[in-house]
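Structure data follow from entry-v4.pdb (PDB, C-alpha atoms):
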```pdb
ATOM      1  CA  MET A1162     -32.836   3.400 -57.378
ATOM      2  CA  VAL A1163     -34.339   5.678 -59.971
ATOM      3  CA  PRO A1164     -32.534   7.837 -62.573
ATOM      4  CA  LEU A1165     -31.872  11.358 -61.370
ATOM      5  CA  PHE A1166     -33.155  13.309 -64.350
ATOM      6  CA  SER A1167     -36.685  12.034 -64.353
ATOM      7  CA  ALA A1168     -39.822  12.994 -62.455
ATOM      8  CA  GLU A1169     -39.249  10.347 -59.796
ATOM      9  CA  GLY A1170     -35.568  11.221 -59.488
ATOM     10  CA  LEU A1171     -36.222  14.920 -58.989
ATOM     11  CA  SER A1172     -38.947  14.070 -56.505
ATOM     12  CA  SER A1173     -36.485  11.905 -54.559
ATOM     13  CA  LEU A1174     -33.942  14.726 -54.622
ATOM     14  CA  LEU A1175     -36.569  17.126 -53.292
ATOM     15  CA  PHE A1176     -37.407  14.608 -50.585
ATOM     16  CA  ILE A1177     -33.787  14.545 -49.432
ATOM     17  CA  VAL A1178     -33.723  18.354 -49.422
ATOM     18  CA  ILE A1179     -36.885  18.398 -47.297
ATOM     19  CA  VAL A1180     -35.453  15.898 -44.821
ATOM     20  CA  MET A1181     -32.277  17.974 -44.529
ATOM     21  CA  THR A1182     -34.389  21.112 -43.982
ATOM     22  CA  THR A1183     -36.286  19.410 -41.184
ATOM     23  CA  LEU A1184     -33.202  18.147 -39.384
ATOM     24  CA  LEU A1185     -31.295  21.418 -39.879
ATOM     25  CA  GLY A1186     -34.205  23.376 -38.456
ATOM     26  CA  ALA A1187     -34.413  21.027 -35.492
ATOM     27  CA  VAL A1188     -30.694  21.414 -34.777
ATOM     28  CA  ILE A1189     -30.976  25.210 -35.013
ATOM     29  CA  ALA A1190     -33.995  25.112 -32.713
ATOM     30  CA  THR A1191     -32.111  23.255 -30.014
ATOM     31  CA  HIS A1192     -28.648  24.719 -30.386
ATOM     32  CA  SER A1193     -28.786  28.435 -31.056
ATOM     33  CA  GLU A1194     -27.817  30.794 -28.293
ATOM     34  CA  ARG A1195     -30.533  33.343 -28.885
ATOM     35  CA  LEU A1196     -34.085  32.192 -28.429
ATOM     36  CA  ILE A1197     -35.421  34.155 -31.372
ATOM     37  CA  ARG A1198     -33.153  32.120 -33.661
ATOM     38  CA  ALA A1199     -34.410  28.958 -32.011
ATOM     39  CA  VAL A1200     -37.960  29.995 -32.909
ATOM     40  CA  ALA A1201     -36.850  30.576 -36.506
ATOM     41  CA  GLY A1202     -35.299  27.101 -36.482
ATOM     42  CA  LEU A1203     -38.582  25.670 -35.243
ATOM     43  CA  ALA A1204     -40.361  27.396 -38.145
ATOM     44  CA  ILE A1205     -37.873  25.906 -40.633
ATOM     45  CA  ALA A1206     -38.316  22.456 -39.105
ATOM     46  CA  CYS A1207     -42.105  22.792 -39.331
ATOM     47  CA  ILE A1208     -41.876  23.756 -43.008
ATOM     48  CA  GLY A1209     -39.828  20.602 -43.552
ATOM     49  CA  VAL A1210     -42.357  18.507 -41.650
ATOM     50  CA  ALA A1211     -45.102  19.950 -43.866
ATOM     51  CA  GLY A1212     -43.106  18.783 -46.884
ATOM     52  CA  LEU A1213     -42.878  15.312 -45.371
ATOM     53  CA  TYR A1214     -46.650  15.270 -44.947
ATOM     54  CA  TYR A1215     -46.962  16.182 -48.598
ATOM     55  CA  TYR A1216     -44.850  13.169 -49.492
ATOM     56  CA  LEU A1217     -47.119  11.061 -47.280
ATOM     57  CA  HIS A1218     -50.042  11.865 -49.615
ATOM     58  CA  SER A1219     -51.769  14.325 -47.278
ATOM     59  CA  PRO A1220     -51.617  17.846 -48.708
ATOM     60  CA  PHE A1221     -54.401  18.953 -46.361
ATOM     61  CA  VAL A1222     -52.416  18.073 -43.252
ATOM     62  CA  ALA A1223     -49.358  19.718 -44.824
ATOM     63  CA  LEU A1224     -51.297  22.951 -45.265
ATOM     64  CA  MET A1225     -52.602  22.706 -41.708
ATOM     65  CA  GLU A1226     -49.057  22.210 -40.443
ATOM     66  CA  MET A1227     -47.961  25.381 -42.215
ATOM     67  CA  LEU A1228     -50.971  27.329 -40.943
ATOM     68  CA  ILE A1229     -50.987  26.181 -37.345
ATOM     69  CA  TYR A1230     -47.313  25.640 -36.541
ATOM     70  CA  VAL A1231     -45.568  28.228 -38.692
ATOM     71  CA  GLY A1232     -48.424  30.689 -38.588
ATOM     72  CA  ALA A1233     -49.747  30.387 -35.057
ATOM     73  CA  VAL A1234     -47.478  28.470 -32.693
ATOM     74  CA  CYS A1235     -44.234  30.095 -33.844
ATOM     75  CA  VAL A1236     -45.795  33.563 -33.707
ATOM     76  CA  THR A1237     -47.043  32.818 -30.179
ATOM     77  CA  ILE A1238     -43.559  31.785 -29.107
ATOM     78  CA  VAL A1239     -42.117  34.908 -30.755
ATOM     79  CA  PHE A1240     -44.501  36.961 -28.629
ATOM     80  CA  ALA A1241     -43.344  35.086 -25.537
ATOM     81  CA  VAL A1242     -39.717  35.819 -26.457
ATOM     82  CA  MET A1243     -40.469  39.494 -27.013
ATOM     83  CA  LEU A1244     -42.368  39.828 -23.746
ATOM     84  CA  ALA A1245     -40.131  37.811 -21.505
ATOM     85  CA  ASP A1246     -36.580  37.308 -22.712
ATOM     86  CA  PRO A1247     -34.223  40.235 -23.110
ATOM     87  CA  ASN A1248     -30.960  38.329 -22.659
ATOM     88  CA  PRO A1249     -29.260  35.597 -24.643
ATOM     89  CA  GLU A1250     -28.888  32.317 -22.878
ATOM     90  CA  GLU A1251     -25.649  32.032 -20.963
ATOM     91  CA  ASP A1252     -23.169  29.248 -21.421
ATOM     92  CA  ALA A1253     -24.777  25.914 -20.788
ATOM     93  CA  ALA A1254     -21.578  24.418 -19.395
ATOM     94  CA  ALA A1255     -21.930  26.561 -16.303
ATOM     95  CA  GLY A1256     -25.004  24.652 -15.211
ATOM     96  CA  SER A1257     -25.529  21.185 -13.910
ATOM     97  CA  ILE A1258     -24.304  17.974 -15.479
ATOM     98  CA  PHE A1259     -27.643  17.489 -17.227
ATOM     99  CA  THR A1260     -27.134  20.366 -19.616
ATOM    100  CA  GLY A1261     -23.801  19.071 -20.888
ATOM    101  CA  PRO A1262     -22.855  15.779 -22.509
ATOM    102  CA  LEU A1263     -25.392  13.821 -20.506
ATOM    103  CA  SER A1264     -28.269  15.459 -22.385
ATOM    104  CA  PHE A1265     -26.600  14.597 -25.680
ATOM    105  CA  ALA A1266     -26.192  10.989 -24.562
ATOM    106  CA  LEU A1267     -29.852  10.887 -23.514
ATOM    107  CA  GLY A1268     -30.966  12.160 -26.919
ATOM    108  CA  ILE A1269     -28.788   9.593 -28.687
ATOM    109  CA  MET A1270     -30.195   6.831 -26.481
ATOM    110  CA  VAL A1271     -33.794   7.823 -27.185
ATOM    111  CA  PHE A1272     -33.101   7.949 -30.917
ATOM    112  CA  TRP A1273     -31.267   4.623 -30.846
ATOM    113  CA  GLY A1274     -34.082   2.912 -28.961
ATOM    114  CA  LEU A1275     -36.732   4.107 -31.403
ATOM    115  CA  TYR A1276     -34.516   3.246 -34.371
ATOM    116  CA  ALA A1277     -33.858  -0.284 -33.086
ATOM    117  CA  VAL A1278     -37.559  -0.893 -32.499
ATOM    118  CA  SER A1279     -38.520   0.359 -35.949
ATOM    119  CA  GLY A1280     -35.785  -1.685 -37.601
ATOM    120  CA  LYS A1281     -36.500  -4.937 -35.780
ATOM    121  CA  THR A1282     -40.256  -5.002 -36.222
ATOM    122  CA  SER A1283     -41.645  -6.548 -39.379
ATOM    123  CA  TRP A1284     -44.424  -4.191 -40.441
ATOM    124  CA  VAL A1285     -47.380  -5.880 -42.091
ATOM    125  CA  PRO A1286     -49.173  -3.845 -44.745
ATOM    126  CA  PRO A1287     -52.971  -3.959 -44.647
ATOM    127  CA  ALA A1288     -54.862  -6.472 -46.736
ATOM    128  CA  ALA A1289     -57.324  -3.876 -47.971
ATOM    129  CA  ARG A1290     -58.114  -0.206 -47.586
ATOM    130  CA  ILE A1291     -61.643   0.856 -46.855
ATOM    131  CA  ASN A1292     -61.141   4.299 -48.444
ATOM    132  CA  ASP A1293     -58.438   6.317 -50.171
ATOM    133  CA  GLY A1294     -57.702   8.783 -47.378
ATOM    134  CA  SER A1295     -58.648  11.837 -49.417
ATOM    135  CA  LEU A1296     -59.793  15.103 -47.914
ATOM    136  CA  GLU A1297     -63.414  14.175 -48.550
ATOM    137  CA  GLU A1298     -63.065  10.977 -46.543
ATOM    138  CA  VAL A1299     -61.293  12.850 -43.760
ATOM    139  CA  GLY A1300     -64.163  15.310 -43.583
ATOM    140  CA  LYS A1301     -66.751  12.544 -43.532
ATOM    141  CA  SER A1302     -65.137  10.612 -40.715
ATOM    142  CA  LEU A1303     -64.424  13.839 -38.826
ATOM    143  CA  LEU A1304     -68.143  14.537 -38.726
ATOM    144  CA  THR A1305     -69.334  10.952 -38.165
ATOM    145  CA  ASN A1306     -66.934   8.679 -36.301
ATOM    146  CA  TYR A1307     -64.898  11.366 -34.582
ATOM    147  CA  SER A1308     -67.496  14.089 -34.055
ATOM    148  CA  MET A1309     -67.276  13.711 -30.270
ATOM    149  CA  VAL A1310     -63.511  14.337 -30.312
ATOM    150  CA  PHE A1311     -64.065  17.189 -32.743
ATOM    151  CA  GLU A1312     -66.379  18.888 -30.261
ATOM    152  CA  LEU A1313     -64.090  18.135 -27.341
ATOM    153  CA  ILE A1314     -61.112  19.794 -29.001
ATOM    154  CA  SER A1315     -63.099  22.974 -29.472
ATOM    155  CA  LEU A1316     -63.842  22.846 -25.737
ATOM    156  CA  VAL A1317     -60.130  22.335 -25.014
ATOM    157  CA  LEU A1318     -59.228  25.340 -27.147
ATOM    158  CA  LEU A1319     -61.861  27.505 -25.450
ATOM    159  CA  ILE A1320     -60.588  26.523 -21.996
ATOM    160  CA  ALA A1321     -57.021  27.187 -23.144
ATOM    161  CA  ILE A1322     -57.949  30.694 -24.297
ATOM    162  CA  ILE A1323     -59.759  31.517 -21.046
ATOM    163  CA  GLY A1324     -57.034  29.936 -18.921
ATOM    164  CA  SER A1325     -54.235  31.805 -20.646
ATOM    165  CA  LEU A1326     -56.126  35.075 -20.229
ATOM    166  CA  VAL A1327     -56.632  34.388 -16.522
ATOM    167  CA  LEU A1328     -52.997  33.371 -16.029
ATOM    168  CA  ALA A1329     -51.564  36.340 -17.906
ATOM    169  CA  ARG A1330     -53.812  38.740 -16.031
ATOM    170  CA  GLN A1331     -52.815  37.668 -12.530
ATOM    171  CA  GLY A1332     -50.544  40.050 -10.680
ATOM    172  CA  ARG A1333     -51.673  43.024 -12.693
ATOM    173  CA  THR A1334     -53.596  45.585 -10.696
ATOM    174  CA  ARG A1335     -56.821  47.006 -11.990
ATOM    175  CA  THR A1336     -55.975  50.595 -11.107
ATOM    176  CA  GLY A1337     -52.270  50.365 -11.850
ATOM    177  CA  GLY A1338     -52.121  52.251 -15.110
ATOM    178  CA  GLN A1339     -53.439  55.581 -16.273
ATOM    179  CA  SER A1340     -56.713  54.221 -17.549
TER     180      SER A1340
ATOM    181  CA  MET B 768     -26.801   9.051 -62.435
ATOM    182  CA  SER B 769     -29.306   7.521 -60.133
ATOM    183  CA  ILE B 770     -30.679   8.347 -56.734
ATOM    184  CA  PRO B 771     -32.383   6.113 -54.159
ATOM    185  CA  ALA B 772     -36.098   6.668 -53.685
ATOM    186  CA  PHE B 773     -36.296   7.123 -49.951
ATOM    187  CA  GLY B 774     -39.749   8.649 -49.898
ATOM    188  CA  ASP B 775     -41.573   5.385 -50.470
ATOM    189  CA  SER B 776     -40.488   3.314 -47.507
ATOM    190  CA  LEU B 777     -41.915   3.322 -44.022
ATOM    191  CA  VAL B 778     -38.576   2.973 -42.231
ATOM    192  CA  THR B 779     -37.288   6.271 -43.656
ATOM    193  CA  TYR B 780     -40.100   8.188 -42.034
ATOM    194  CA  LEU B 781     -39.688   6.255 -38.792
ATOM    195  CA  ILE B 782     -35.985   7.173 -38.698
ATOM    196  CA  ILE B 783     -36.747  10.842 -39.385
ATOM    197  CA  ALA B 784     -39.369  10.830 -36.649
ATOM    198  CA  ALA B 785     -36.968   9.135 -34.220
ATOM    199  CA  LEU B 786     -34.307  11.735 -35.064
ATOM    200  CA  LEU B 787     -36.723  14.587 -34.438
ATOM    201  CA  PHE B 788     -37.839  12.987 -31.190
ATOM    202  CA  GLY B 789     -34.230  12.492 -30.087
ATOM    203  CA  ILE B 790     -33.259  16.074 -30.970
ATOM    204  CA  GLY B 791     -36.316  17.350 -29.146
ATOM    205  CA  PHE B 792     -35.556  15.256 -26.082
ATOM    206  CA  TYR B 793     -31.969  16.462 -26.112
ATOM    207  CA  GLY B 794     -33.151  20.056 -26.294
ATOM    208  CA  LEU B 795     -35.646  19.509 -23.508
ATOM    209  CA  VAL B 796     -32.885  18.365 -21.172
ATOM    210  CA  HIS B 797     -30.230  20.736 -22.511
ATOM    211  CA  ARG B 798     -32.131  24.022 -22.523
ATOM    212  CA  ARG B 799     -32.267  26.125 -19.406
ATOM    213  CA  THR B 800     -34.997  28.575 -20.300
ATOM    214  CA  LEU B 801     -38.694  27.821 -20.334
ATOM    215  CA  ILE B 802     -39.135  29.033 -23.917
ATOM    216  CA  GLY B 803     -36.332  26.781 -25.128
ATOM    217  CA  MET B 804     -37.974  23.815 -23.439
ATOM    218  CA  LEU B 805     -41.303  24.738 -25.055
ATOM    219  CA  ILE B 806     -39.632  24.767 -28.494
ATOM    220  CA  ALA B 807     -38.061  21.369 -27.838
ATOM    221  CA  GLY B 808     -41.464  20.035 -26.785
ATOM    222  CA  GLU B 809     -42.895  21.178 -30.107
ATOM    223  CA  LEU B 810     -40.165  19.199 -31.883
ATOM    224  CA  ILE B 811     -41.138  16.092 -29.901
ATOM    225  CA  LEU B 812     -44.775  16.568 -30.919
ATOM    226  CA  ALA B 813     -43.694  16.938 -34.552
ATOM    227  CA  GLY B 814     -41.818  13.624 -34.352
ATOM    228  CA  ALA B 815     -44.861  11.870 -32.933
ATOM    229  CA  SER B 816     -47.056  13.366 -35.672
ATOM    230  CA  ILE B 817     -44.707  12.123 -38.400
ATOM    231  CA  ASN B 818     -44.934   8.635 -36.908
ATOM    232  CA  PHE B 819     -48.724   8.758 -36.988
ATOM    233  CA  MET B 820     -48.774   9.993 -40.580
ATOM    234  CA  ALA B 821     -46.261   7.359 -41.731
ATOM    235  CA  PHE B 822     -48.211   4.502 -40.191
ATOM    236  CA  ASN B 823     -51.362   6.023 -41.640
ATOM    237  CA  ARG B 824     -49.890   6.079 -45.123
ATOM    238  CA  PHE B 825     -48.325   2.632 -45.152
ATOM    239  CA  LEU B 826     -50.092   0.391 -42.642
ATOM    240  CA  ALA B 827     -53.559   1.619 -41.704
ATOM    241  CA  PRO B 828     -56.625  -0.029 -43.228
ATOM    242  CA  ASP B 829     -58.498   3.257 -42.753
ATOM    243  CA  PRO B 830     -56.177   6.029 -44.014
ATOM    244  CA  THR B 831     -58.157   8.857 -42.420
ATOM    245  CA  VAL B 832     -57.424   7.951 -38.798
ATOM    246  CA  GLY B 833     -53.822   9.112 -38.757
ATOM    247  CA  GLN B 834     -54.634  12.388 -40.480
ATOM    248  CA  ILE B 835     -57.361  13.140 -37.956
ATOM    249  CA  PHE B 836     -55.094  12.223 -35.066
ATOM    250  CA  THR B 837     -52.394  14.522 -36.441
ATOM    251  CA  LEU B 838     -54.924  17.352 -36.717
ATOM    252  CA  PHE B 839     -55.842  16.816 -33.070
ATOM    253  CA  ILE B 840     -52.181  16.806 -32.087
ATOM    254  CA  MET B 841     -51.844  20.180 -33.820
ATOM    255  CA  GLY B 842     -54.858  21.546 -31.939
ATOM    256  CA  ILE B 843     -53.500  20.336 -28.614
ATOM    257  CA  ALA B 844     -50.084  21.808 -29.463
ATOM    258  CA  ALA B 845     -51.637  25.190 -30.217
ATOM    259  CA  ALA B 846     -53.523  25.153 -26.909
ATOM    260  CA  GLU B 847     -50.359  24.069 -25.105
ATOM    261  CA  ALA B 848     -48.347  26.880 -26.670
ATOM    262  CA  ALA B 849     -50.928  29.467 -25.596
ATOM    263  CA  ILE B 850     -51.057  28.166 -22.011
ATOM    264  CA  ALA B 851     -47.267  27.861 -21.804
ATOM    265  CA  MET B 852     -46.821  31.404 -23.083
ATOM    266  CA  SER B 853     -49.100  32.834 -20.406
ATOM    267  CA  ILE B 854     -47.356  30.749 -17.723
ATOM    268  CA  ILE B 855     -43.975  32.001 -18.958
ATOM    269  CA  ILE B 856     -45.170  35.607 -18.805
ATOM    270  CA  ALA B 857     -46.553  35.100 -15.296
ATOM    271  CA  VAL B 858     -43.249  33.532 -14.183
ATOM    272  CA  TYR B 859     -41.291  36.368 -15.786
ATOM    273  CA  ARG B 860     -43.429  38.945 -14.010
ATOM    274  CA  ASN B 861     -42.769  37.322 -10.626
ATOM    275  CA  TYR B 862     -39.102  36.378 -10.967
ATOM    276  CA  ARG B 863     -37.766  38.739 -13.691
ATOM    277  CA  SER B 864     -36.232  35.659 -15.317
ATOM    278  CA  ILE B 865     -37.284  32.613 -17.300
ATOM    279  CA  ASP B 866     -34.263  30.523 -16.387
ATOM    280  CA  VAL B 867     -35.463  27.319 -14.785
ATOM    281  CA  ASP B 868     -32.704  27.484 -12.165
ATOM    282  CA  ASP B 869     -33.999  30.807 -10.862
ATOM    283  CA  VAL B 870     -37.545  29.576 -10.479
ATOM    284  CA  ALA B 871     -36.709  27.337  -7.552
ATOM    285  CA  GLU B 872     -39.143  28.078  -4.769
ATOM    286  CA  LEU B 873     -42.369  26.220  -4.262
ATOM    287  CA  LYS B 874     -44.186  28.489  -1.826
ATOM    288  CA  GLY B 875     -46.678  30.546  -3.756
TER     289      GLY B 875
END
```
Rewrite the structure from the file as structure tokens, please.
Amino acid sequence: MVPLFSAEGLSSLLFIVIVMTTLLGAVIATHSERLIRAVAGLAIACIGVAGLYYYLHSPFVALMEMLIYVGAVCVTIVFAVMLADPNPEEDAAAGSIFTGPLSFALGIMVFWGLYAVSGKTSWVPPAARINDGSLEEVGKSLLTNYSMVFELISLVLLIAIIGSLVLARQGRTRTGGQS
Amino acid sequence: MSIPAFGDSLVTYLIIAALLFGIGFYGLVHRRTLIGMLIAGELILAGASINFMAFNRFLAPDPTVGQIFTLFIMGIAAAEAAIAMSIIIAVYRNYRSIDVDDVAELKG
């Protein structure tokens, strides 16, 4: 416990606010009727996750989370919503049993399993750190130890771009439009 | 007045990550449109990333590994979102719907 009106206390208060933001965004993302609001909830949750990364001493990954998730992934999903979903989702109770209370029970069970595992295990902190985990060290190991993976992910992204172009183009005739 | 310092313990982050994973799993089963399932999948990926970052901060001898893994998760998630969006648009063009119950025939 730390006093509230100090630097550590205000930082703890901000941490609680960030956690609440994350969970609220996640609940909005899974529960809203309209998909565009669900995307907004996902953006809020990602902003909260970026705050959590900041508290985990990685401002670089926090910035990347904001850039990639809020800036790219959410905008991509917004485009998908605009191109493909004119109607709000109908009542989930009209569907199968999976969309009702059973899905809620499944989510609770998954959470409870992970929570029990993380509570039961005794985590052993490392004896020594070989570096401080700063951005400079991340860059060094990204270009030495993990350079192969670094190249492979660029290949994955290239294939994803080409594949999404091919998939989105199928079914569209070449002479269909005016041009 | 005093306030507990939650931000300095590993178990806090593990609980948050488990909550995000559980909410995402719930949404993945609960949602009936493809876009909703994609959003829930992103939440699951976010929970896994928080786990990696928490272990990286508190337990890893080399604190760059978790950050790099999280960056790769973000790259894979971006690629997945692009592919899923084009699949959703292709499905919508063929079926005029993105409800998973309507997309129920296998013959292409």
Just say which residues the PyMOL selection byres ((chain B and resi 785) around 9) picks in this file, as a PDB file with C-alpha atoms, in the frame of the given file.
```pdb
ATOM      1  CA  VAL A1271     -33.794   7.823 -27.185  1.00  0.00           C
ATOM      2  CA  PHE A1272     -33.101   7.949 -30.917  1.00  0.00           C
ATOM      3  CA  TRP A1273     -31.267   4.623 -30.846  1.00  0.00           C
ATOM      4  CA  GLY A1274     -34.082   2.912 -28.961  1.00  0.00           C
ATOM      5  CA  LEU A1275     -36.732   4.107 -31.403  1.00  0.00           C
ATOM      6  CA  TYR A1276     -34.516   3.246 -34.371  1.00  0.00           C
TER       7      TYR A1276
ATOM      8  CA  TYR B 780     -40.100   8.188 -42.034  1.00  0.00           C
ATOM      9  CA  LEU B 781     -39.688   6.255 -38.792  1.00  0.00           C
ATOM     10  CA  ILE B 782     -35.985   7.173 -38.698  1.00  0.00           C
ATOM     11  CA  ILE B 783     -36.747  10.842 -39.385  1.00  0.00           C
ATOM     12  CA  ALA B 784     -39.369  10.830 -36.649  1.00  0.00           C
ATOM     13  CA  LEU B 786     -34.307  11.735 -35.064  1.00  0.00           C
ATOM     14  CA  LEU B 787     -36.723  14.587 -34.438  1.00  0.00           C
ATOM     15  CA  PHE B 788     -37.839  12.987 -31.190  1.00  0.00           C
ATOM     16  CA  GLY B 789     -34.230  12.492 -30.087  1.00  0.00           C
ATOM     17  CA  ILE B 790     -33.259  16.074 -30.970  1.00  0.00           C
ATOM     18  CA  GLY B 814     -41.818  13.624 -34.352  1.00  0.00           C
ATOM     19  CA  ALA B 815     -44.861  11.870 -32.933  1.00  0.00           C
ATOM     20  CA  ASN B 818     -44.934   8.635 -36.908  1.00  0.00           C
TER      21      ASN B 818
END
```
Determine the residue set returned by the PyMOL selection byres ((chain A and resi 1220-1222) around 8) for the present structure, and present it as a CSV table (one decimal) with C-alpha atoms, in the coordinates of the input.
```
chain,number,residue,atom,x,y,z
A,1211,ALA,CA,-45.1,20.0,-43.9
A,1214,TYR,CA,-46.6,15.3,-44.9
A,1215,TYR,CA,-47.0,16.2,-48.6
A,1218,HIS,CA,-50.0,11.9,-49.6
A,1219,SER,CA,-51.8,14.3,-47.3
A,1223,ALA,CA,-49.4,19.7,-44.8
A,1224,LEU,CA,-51.3,23.0,-45.3
A,1225,MET,CA,-52.6,22.7,-41.7
A,1226,GLU,CA,-49.1,22.2,-40.4
A,1296,LEU,CA,-59.8,15.1,-47.9
B,834,GLN,CA,-54.6,12.4,-40.5
B,837,THR,CA,-52.4,14.5,-36.4
B,838,LEU,CA,-54.9,17.4,-36.7
```
Practice task
Run through the PyMOL selection byres ((chain B and resi 832) around 9) on the given coordinates and return the selected residues as a list in words.
Solution key: Gly1294, Val1299 and Ser1302 of chain A; Phe819, Asn823, Ala827, Asp829, Pro830, Thr831, Gly833, Gln834, Ile835, Phe836 and Thr837 of chain B
Please produce a file of those selected residues containing C-alpha atoms, as a compact mmCIF listing (two decimals), in the frame of the given file.
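Saved the output as part38.txt:
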```txt
# COMPACT_ATOMS: atom_id res chain seq x y z
CA GLY A 1294 -57.70 8.78 -47.38
CA VAL A 1299 -61.29 12.85 -43.76
CA SER A 1302 -65.14 10.61 -40.72
CA PHE B 819 -48.72 8.76 -36.99
CA ASN B 823 -51.36 6.02 -41.64
CA ALA B 827 -53.56 1.62 -41.70
CA ASP B 829 -58.50 3.26 -42.75
CA PRO B 830 -56.18 6.03 -44.01
CA THR B 831 -58.16 8.86 -42.42
CA GLY B 833 -53.82 9.11 -38.76
CA GLN B 834 -54.63 12.39 -40.48
CA ILE B 835 -57.36 13.14 -37.96
CA PHE B 836 -55.09 12.22 -35.07
CA THR B 837 -52.39 14.52 -36.44
```
Practice task
Determine, counting all atoms listed in the file, which protein, DNA and RNA residues have an atom within 6 Å of an atom of Tyr793 (chain B); residues of the same chain fewer than 4 positions away are not included. Present the result as an NGL selection string.
Solution key: (:A and (1264-1265 or 1268)) or (:B and (797))
Completion exercise
In terms of only C-alpha atoms, the residue from B:Ala871, B:Leu812, B:Ser769, B:Ile855 at minimal distance from Thr800 (chain B) is B:Ile855
Completion exercise
re CA of Thr1183 (chain A) and CA of Ile1208 (chain A): distance 7.3 Å
Edge lengths and centre in Å to one decimal, as AutoDock Vina command-line options, of the axis-aligned box that encloses all listed atoms of region 787-793 of chain B with 3 Å added on every side?
```
--center_x -34.9 --center_y 14.9 --center_z -30.3 --size_x 11.9 --size_y 10.9 --size_z 14.4
```
Problem - Which of B:Ile817, B:Pro771, B:Gly791, B:Leu801 sits closest to chain A [using only C-alpha atoms] - result: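 The shortest atom-to-atom distance to chain A comes from B:Pro771.
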Problem - Selection: 8 Å around region 1163-1178 of chain A, only C-alpha atoms, excl. self and same-chain fewer than 3 positions, as a ChimeraX atom specification - result: /A:1181-1182,1212-1213,1216 /B:768-774
Practice task
Have a look at CA of Ile1179 (chain A) and CA of Cys1207 (chain A) and let me know their distance in Å, one decimal.
Solution key: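 Taking CA of Ile1179 (chain A) and CA of Cys1207 (chain A), their separation equals 10.5 Å.
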Handout entry: B:Glu809, B:Ser853, B:Phe825, B:Val870 ranked by distance to Met841 (chain B), top pick (using only C-alpha atoms)
Key =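 Answer, going by the shortest atom-to-atom distance: B:Glu809.
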Practice task
Return the single residue from B:Ile802, B:Ala807, B:Val858, B:Leu826 that is closest to Val1242 (chain A), with distances computed using only C-alpha atoms.
Solution key: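 When distances to Val1242 (chain A) are compared using only C-alpha atoms, the smallest one comes from B:Ile802.
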Practice task
Have a look at B:Arg798, B:Gly808, B:Glu872, B:Val867 and name the one nearest to chain A; count all atoms listed in the file.
Solution key: B:Arg798
Problem - Nearest candidate to Ser864 (chain B) (options A:Leu1304, A:Val1231, A:Leu1244, A:Ile1322; using only C-alpha atoms) - result: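 Residue with the minimum atom-to-atom distance to Ser864 (chain B): A:Leu1244.
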Problem - One-decimal distance in Å that lies between CA of Ala1241 (chain A) and CA of Ala1204 (chain A) - result: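 Straight-line distance from CA of Ala1204 (chain A) to CA of Ala1241 (chain A) works out to 15.1 Å.
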Problem - Residues within 10 Å of (-48.9, 30.3, -10.9), file coords, only C-alpha atoms, listed as a list in words - result: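 Those within range, by chain then number, are Leu1328, Ala1329, Gln1331 and Gly1332 of chain A; Ser853, Ile854, Ile855, Ala857, Val858, Asn861 and Gly875 of chain B.
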Those selected residues, please, written with C-alpha atoms and delivered as a PDB file, keeping the file's coordinate frame.
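Just written: out38.pdb:
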```pdb
ATOM      1  CA  LEU A1328     -52.997  33.371 -16.029  1.00  0.00           C
ATOM      2  CA  ALA A1329     -51.564  36.340 -17.906  1.00  0.00           C
ATOM      3  CA  GLN A1331     -52.815  37.668 -12.530  1.00  0.00           C
ATOM      4  CA  GLY A1332     -50.544  40.050 -10.680  1.00  0.00           C
TER       5      GLY A1332
ATOM      6  CA  SER B 853     -49.100  32.834 -20.406  1.00  0.00           C
ATOM      7  CA  ILE B 854     -47.356  30.749 -17.723  1.00  0.00           C
ATOM      8  CA  ILE B 855     -43.975  32.001 -18.958  1.00  0.00           C
ATOM      9  CA  ALA B 857     -46.553  35.100 -15.296  1.00  0.00           C
ATOM     10  CA  VAL B 858     -43.249  33.532 -14.183  1.00  0.00           C
ATOM     11  CA  ASN B 861     -42.769  37.322 -10.626  1.00  0.00           C
ATOM     12  CA  GLY B 875     -46.678  30.546  -3.756  1.00  0.00           C
TER      13      GLY B 875
END
```
